[in-house]
$ cat target.txt   # compact mmCIF, C-alpha atoms
# COMPACT_ATOMS: atom_id res chain seq x y z
CA MET O 5 3.94 14.66 21.53
CA ILE O 6 2.80 14.37 17.91
CA GLY O 7 6.39 13.60 16.90
CA PHE O 8 6.72 10.94 19.59
CA ALA O 9 3.41 9.33 18.60
CA LEU O 10 4.33 9.20 14.91
CA PHE O 11 8.01 8.33 15.19
CA GLY O 12 7.98 6.22 18.36
CA GLN O 13 10.85 5.41 20.71
CA VAL O 14 14.37 5.02 19.36
CA GLU O 15 17.82 4.32 20.76
CA MET O 16 20.61 6.52 19.48
CA ASN O 17 24.07 5.24 18.56
CA ASP O 18 26.61 5.88 21.31
CA ASP O 19 28.63 8.23 19.11
CA SER O 20 25.69 10.58 18.61
CA GLN O 21 24.02 10.55 22.04
CA ASN O 22 26.03 13.50 23.35
CA SER O 23 24.97 15.82 20.52
CA PHE O 24 21.40 16.10 21.89
CA THR O 25 20.56 17.76 25.18
CA ARG O 26 18.43 15.47 27.33
CA ILE O 27 15.11 17.13 28.15
CA HIS O 28 14.35 14.89 31.12
CA PRO O 29 16.86 12.80 33.06
CA ILE O 30 16.45 9.03 33.12
CA VAL O 31 15.27 8.10 36.61
CA THR O 32 14.12 4.52 35.95
CA PRO O 33 16.74 1.90 36.88
CA TRP O 34 15.93 -0.08 33.75
CA GLU O 35 19.09 -2.20 33.90
CA SER O 36 17.82 -4.04 36.99
CA SER O 37 14.61 -5.19 35.28
CA GLN O 38 14.72 -8.18 32.92
CA GLU O 39 11.50 -7.02 31.22
CA LEU O 40 12.83 -3.52 30.55
CA ARG O 41 16.17 -4.87 29.26
CA GLN O 42 14.30 -7.12 26.79
CA ALA O 43 12.06 -4.21 25.68
CA ARG O 44 15.09 -1.99 25.14
CA LYS O 45 16.66 -4.56 22.81
CA LYS O 46 13.61 -4.26 20.52
CA ILE O 47 13.98 -0.47 20.13
CA LYS O 48 15.31 0.64 16.75
CA THR O 49 18.79 2.16 16.76
CA VAL O 50 19.25 5.35 14.75
CA ASN O 51 21.93 7.97 14.20
CA THR O 52 21.85 11.77 14.35
CA THR O 53 21.19 12.18 10.62
CA GLN O 54 18.15 9.91 10.78
CA ILE O 55 16.75 11.82 13.76
CA GLU O 56 17.27 15.17 12.05
CA SER O 57 15.70 13.90 8.82
CA ALA O 58 12.68 12.55 10.69
CA ALA O 59 12.32 15.88 12.54
CA ALA O 60 12.47 17.84 9.26
CA LEU O 61 9.88 15.55 7.68
CA LEU O 62 7.61 15.87 10.70
CA LYS O 63 7.95 19.67 10.61
CA THR O 64 6.97 19.73 6.92
CA ILE O 65 3.93 17.55 7.59
CA GLY O 66 3.01 19.65 10.61
CA ASP O 67 3.34 22.92 8.70
CA TYR O 68 1.08 21.56 5.97
CA HIS O 69 -1.64 20.19 8.25
CA PHE O 70 -1.47 22.57 11.18
CA ASN O 71 -1.12 25.98 9.59
CA ASP O 72 -2.44 29.19 11.14
CA ASP O 73 -5.35 29.58 8.74
CA ASP O 74 -8.74 29.39 10.37
CA PRO O 75 -10.58 26.46 8.72
CA ARG O 76 -13.76 28.55 8.84
CA ASP O 77 -12.12 30.87 6.31
CA GLN O 78 -12.29 28.06 3.74
CA ILE O 79 -16.11 28.03 3.85
CA LYS O 80 -17.73 29.51 0.78
CA PHE O 81 -21.28 30.79 0.67
CA ASN O 82 -23.67 31.20 -2.21
CA PHE O 83 -26.48 33.61 -1.56
CA HIS O 84 -29.59 33.41 -3.64
CA SER O 85 -32.39 35.88 -3.17
CA SER O 86 -35.82 34.40 -2.86
CA LYS O 87 -38.35 35.24 -5.59
CA LYS O 88 -40.25 37.51 -3.22
CA GLU O 89 -37.12 39.50 -2.29
CA THR O 90 -36.05 39.79 -5.91
CA LYS O 91 -39.50 40.87 -7.06
CA ASP O 92 -39.75 43.47 -4.30
CA SER O 93 -36.28 44.86 -5.05
CA ILE O 94 -37.02 45.39 -8.76
CA ASN O 95 -38.93 48.56 -9.51
CA SER O 96 -38.25 48.39 -13.22
CA LYS O 97 -40.51 47.31 -16.04
CA ASN O 98 -37.49 46.97 -18.29
CA ASP O 99 -36.70 43.33 -19.12
CA GLU O 100 -32.94 43.91 -19.34
CA ILE O 101 -32.81 45.53 -15.91
CA ARG O 102 -34.89 42.74 -14.35
CA LYS O 103 -32.56 40.17 -15.89
CA ALA O 104 -29.56 42.19 -14.71
CA ILE O 105 -30.88 42.33 -11.13
CA SER O 106 -31.50 38.59 -11.15
CA TYR O 107 -27.99 37.98 -12.49
CA ILE O 108 -26.44 40.26 -9.86
CA ASP O 109 -28.33 38.58 -7.01
CA THR O 110 -27.32 35.12 -8.25
CA ASN O 111 -23.63 36.04 -8.67
CA LEU O 112 -23.29 38.36 -5.69
CA THR O 113 -20.35 36.47 -4.18
CA THR O 114 -18.24 36.48 -7.34
CA ASN O 115 -15.94 39.20 -8.64
CA LEU O 116 -18.82 40.84 -10.51
CA THR O 117 -18.23 43.85 -12.76
CA LEU O 118 -20.41 46.25 -14.70
CA GLU O 119 -19.01 44.72 -17.88
CA ASP O 120 -20.10 41.22 -16.81
CA VAL O 121 -23.68 42.29 -16.17
CA ALA O 122 -23.90 44.48 -19.29
CA ASN O 123 -22.66 41.58 -21.41
CA HIS O 124 -25.17 39.26 -19.78
CA VAL O 125 -28.07 41.45 -20.95
CA TYR O 126 -26.43 42.29 -24.32
CA LEU O 127 -26.07 46.03 -23.72
CA SER O 128 -23.07 48.32 -23.92
CA GLN O 129 -21.56 49.24 -20.57
CA PHE O 130 -22.30 52.93 -21.06
CA TYR O 131 -25.95 52.39 -22.00
CA PHE O 132 -26.49 49.75 -19.31
CA SER O 133 -24.99 52.00 -16.64
CA ARG O 134 -27.30 54.91 -17.55
CA LEU O 135 -30.37 52.65 -17.89
CA PHE O 136 -29.68 50.92 -14.58
CA LYS O 137 -29.42 54.19 -12.65
CA LYS O 138 -32.55 55.54 -14.35
CA GLU O 139 -34.62 52.43 -13.59
CA ILE O 140 -33.31 51.49 -10.13
CA GLY O 141 -32.44 54.95 -8.82
CA VAL O 142 -28.86 54.14 -7.85
CA SER O 143 -25.71 53.25 -9.75
CA PHE O 144 -24.74 49.67 -10.45
CA ILE O 145 -21.86 49.75 -7.94
CA THR O 146 -24.05 51.27 -5.21
CA TYR O 147 -26.69 48.57 -5.73
CA LEU O 148 -24.04 45.84 -5.72
CA ASN O 149 -22.45 47.18 -2.53
CA ARG O 150 -25.81 47.45 -0.77
CA GLN O 151 -26.71 43.86 -1.62
CA ARG O 152 -23.34 42.57 -0.48
CA ILE O 153 -23.44 44.53 2.77
CA GLU O 154 -26.90 43.11 3.54
CA GLN O 155 -25.43 39.61 3.20
CA ALA O 156 -22.46 40.64 5.36
CA LYS O 157 -24.84 41.82 8.08
CA VAL O 158 -26.48 38.40 8.14
CA LEU O 159 -23.11 36.63 8.43
CA LEU O 160 -21.87 39.01 11.12
CA ALA O 161 -24.98 38.43 13.20
CA GLN O 162 -25.38 34.70 12.66
CA SER O 163 -21.83 33.28 12.35
CA ASN O 164 -18.41 33.40 13.96
CA LEU O 165 -16.58 33.81 10.65
CA SER O 166 -13.70 36.25 10.63
CA ILE O 167 -14.16 39.67 9.02
CA LYS O 168 -11.66 38.66 6.33
CA SER O 169 -13.61 35.49 5.56
CA ILE O 170 -16.93 37.35 5.37
CA SER O 171 -15.35 39.95 3.11
CA GLN O 172 -14.10 37.27 0.70
CA ASN O 173 -17.33 35.27 0.82
CA ILE O 174 -19.44 38.21 -0.29
CA GLY O 175 -17.19 39.16 -3.20
CA TYR O 176 -14.64 41.65 -1.80
CA SER O 177 -11.00 40.77 -2.39
CA GLN O 178 -9.73 43.44 0.03
CA THR O 179 -10.94 43.44 3.64
CA SER O 180 -10.05 47.11 4.07
CA TYR O 181 -12.33 48.10 1.17
CA PHE O 182 -15.14 45.95 2.58
CA CYS O 183 -14.78 47.66 5.98
CA LYS O 184 -14.83 51.09 4.33
CA ILE O 185 -18.00 50.34 2.34
CA PHE O 186 -19.65 48.72 5.36
CA LYS O 187 -19.02 51.79 7.51
CA GLU O 188 -20.29 54.12 4.77
CA LEU O 189 -23.55 52.19 4.37
CA VAL O 190 -24.20 51.02 7.94
CA GLY O 191 -22.61 53.83 9.95
CA MET O 192 -20.29 51.56 11.96
CA THR O 193 -17.50 49.05 11.44
CA PRO O 194 -18.26 45.35 10.93
CA VAL O 195 -16.71 44.58 14.34
CA ASN O 196 -18.98 47.08 16.12
CA TYR O 197 -22.00 45.80 14.20
CA ARG O 198 -21.23 42.25 15.35
CA LYS O 199 -20.88 43.41 18.96
CA GLU O 200 -24.29 45.09 18.83
CA LYS O 201 -25.95 41.99 17.35
$ encode --input "target.txt" --output "structure tokens"
Amino acid sequence: MIGFALFGQVEMNDDSQNSFTRIHPIVTPWESSQELRQARKKIKTVNTTQIESAAALLKTIGDYHFNDDDPRDQIKFNFHSSKKETKDSINSKNDEIRKAISYIDTNLTTNLTLEDVANHVYLSQFYFSRLFKKEIGVSFITYLNRQRIEQAKVLLAQSNLSIKSISQNIGYSQTSYFCKIFKELVGMTPVNYRKEK
């Protein structure tokens, strides 16, 4: 139907008509109507090559515009913790750790690494890693995973986004890894969590 709407009606040359199987037989006696005969004369005449080229072009356009990707998967989210949440989550008096926590919470959805955060607060990775665990009580990666999973729980409960989309929107490049971390921290899979909510 899309092809018909875009390309319109055509008359094929006599030499090429037999190469296409007719989907529906012609049942209208158009020859007996003056109006239909006049309308038929206005129809563009094409050959097999033109039809095949138009079909190929239409397929290319269709593949581009009507692919299988869920458009909801294109949505990107930026999560920003409120000042109250950030203040409550920081139990450190250390300026570098407070800055690091703020930076993590602001960049939660990006491909964040220990090196990125350590560089942000001008500390070596080794020293930052030890200081972070001492001040916060958990490792950098554990804290990062917990924050991301909290955001995932919100999206699972309040949206219809696919698991893959949620995984990507909270900073995980692999859905399988996201599901593994989610189950470790929540005690159930993302799908089961969504069902319960």
$ closest_residue --input "target.txt" --among "O:Lys187, O:Lys103, O:Lys138, O:Lys201" --to "Tyr126 (chain O)" --atoms "only C-alpha atoms"
O:Lys103
$ residues_around --input "target.txt" --residues "Tyr131 (chain O)" --least-positions-apart "3" --cutoff "12 Å" --atoms "all atoms listed in the file" --output "ChimeraX atom specification"
/O:100-101,118-119,121-123,125-128,134-138,144
$ residues_around --input "target.txt" --residues "Ile108 (chain O)" --least-positions-apart "2" --cutoff "12 Å" --atoms "all atoms listed in the file" --output "PyMOL selection string"
chain O and resi 83-85+90+93-94+101-106+110-122+124-125+144-145+147-152+175
$ residues_near_point --input "target.txt" --point "(-11.7, 46.0, 6.4)" --cutoff "10 Å" --atoms "all atoms listed in the file" --output "list in words"
Ile167, Lys168, Ser171, Tyr176, Gln178, Thr179, Ser180, Tyr181, Phe182, Cys183, Lys184, Ile185, Phe186, Lys187, Thr193, Pro194 and Val195 of chain O
$ atom_distance --input "target.txt" --atom1 "CA of Leu165 (chain O)" --atom2 "CA of Glu200 (chain O)"
15.9 Å
$ residues_around --input "target.txt" --residues "Lys199 (chain O)" --least-positions-apart "5" --cutoff "12 Å" --atoms "all atoms listed in the file" --output "JSON, numbers by chain"
{"O": [157, 160, 161, 162, 164, 192, 193, 194]}
$ atom_distance --input "target.txt" --atom1 "CA of Glu154 (chain O)" --atom2 "CA of Ser166 (chain O)"
16.5 Å
